[in-house]
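Student: Have a look at this one.
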Amino acid sequence: MKLVPSSFQAPERLETSDFVIRKLMYDDAKWDYESVMSNIDIIRKTRGGDWPTSELTFKEDQIDLAWHQREFECRHSFAYLVTSSDEQEYIGCLYLYPPGFREEKSKERDVDVSFWVTRKAYDQGLYPILYKTLDGWLKSSWPFKTVAYSNKELPE
């Protein structure tokens, strides 16, 4: 089942003064894996859930990224990489899933959204900035009327 109507063209990129949000690709696996494995504590603190674990392998991460890329292309879900505005630093990821994907309560909404940033980005105050940017982007550029954020910790 597609998350968005067939007539909707999902954006592959958003540039702001603070960061770039772009489609997560299989080719990002090395960068992604290093960032995920060095930020397990902050990911689990903010996003919640039982992913990632210290047992995650590079091969498993490659499979995850290939799956995210295919899901994006099929319009079933959308995963994005967040980088610094010069695209030299990995900041985090965000995910747009079908309602109910991560939390039962999101079934009554149009989309289930989660996101995370690295410890460095969190300490620099980018977590609430990403949340506000993401919320505005979803309301202005996507066909969702209601959004459920399934993160364990949301900025105020």
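Starting from 1 in every chain, residues are counted up; chains themselves are A, B, ... following the order of the structure tokens, and ligands are numbered from 1 as listed.
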If we count only C-alpha atoms and set the cut-off at 12 Å, which residues sit around Glu60 (chain A), ignoring sequence neighbours fewer than 5 positions away in its own chain? Please answer as a list in words.
Tutor: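 Listed by chain and then number, they are Tyr26, Ala29, Lys30, Asp32, Tyr33, Pro52, Thr53, Ser54, Glu55, Leu65, Ala66 and Trp67 of chain A.
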Student: For the residues in the current selection, export C-alpha atoms as a compact mmCIF listing (two decimals), in the first residue's frame.
Tutor:
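Contents of out-v2.txt, as written:
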# COMPACT_ATOMS: atom_id res chain seq x y z
CA TYR A 26 22.20 2.22 -0.25
CA ALA A 29 25.77 2.62 4.13
CA LYS A 30 29.34 3.21 5.32
CA ASP A 32 25.24 5.57 8.05
CA TYR A 33 26.69 2.55 9.82
CA PRO A 52 19.84 -0.10 16.98
CA THR A 53 21.70 -2.70 18.98
CA SER A 54 25.45 -3.08 19.36
CA GLU A 55 25.15 -6.35 17.43
CA LEU A 65 19.38 1.00 3.52
CA ALA A 66 18.64 -0.95 0.34
CA TRP A 67 15.18 -1.68 1.77
Student: Going by DSSP on the backbone, which residues of chain A come out as strand (DSSP E)? List them as a ChimeraX atom specification.
Tutor: /A:13-15,19-23,78-84,90-97,111-117,147-149
Student: With a distance cut-off of 10 Å and only C-alpha atoms, select the neighbouring residues of region 83-90 of chain A, excluding the residue or stretch itself and same-chain residues fewer than 2 positions from it, and output the selection as an MDAnalysis selection string.
Tutor: chainID A and resid 15:22 31:32 34:36 80:81 92:93 117:118 120:121
Student: From a DSSP pass on the backbone, collect the residues of chain A flagged as alpha helix (DSSP H) and hand them back as a ChimeraX atom specification.
Tutor: /A:29-37,40-46,58-74,119-123,126-141
Student: Write out as a list in words the residues lying within 12 Å of Asp50 (chain A), counting only C-alpha atoms and excluding same-chain residues fewer than 4 positions away.
Tutor: Ile40, Asp41, Ile43, Arg44, Lys45, Thr46, Ser54, Glu55, Leu56, Arg102 and Lys152 of chain A
Student: Could you please determine the separation between CA of Tyr122 (chain A) and CA of Ser106 (chain A) in Å, to one decimal place?
Tutor: 25.1 Å
Student: Using only C-alpha atoms, find the one residue out of A:Ile63, A:Ser77, A:Pro11, A:Asn39 that sits nearest to Arg119 (chain A).
Tutor: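 Smallest separation from Arg119 (chain A) among the options: A:Asn39.
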Student: For Met25 (chain A), which residue out of A:Phe101, A:Phe58, A:Trp51, A:Phe78 is the nearest one, using only C-alpha atoms?
Tutor: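 Answer, going by the shortest atom-to-atom distance: A:Phe78.
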Student: Tell me, in Å to one decimal, how far CA of Lys105 (chain A) is from CA of Met37 (chain A).
Tutor: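 Atom-to-atom, CA of Lys105 (chain A) to CA of Met37 (chain A), that is 29.0 Å.
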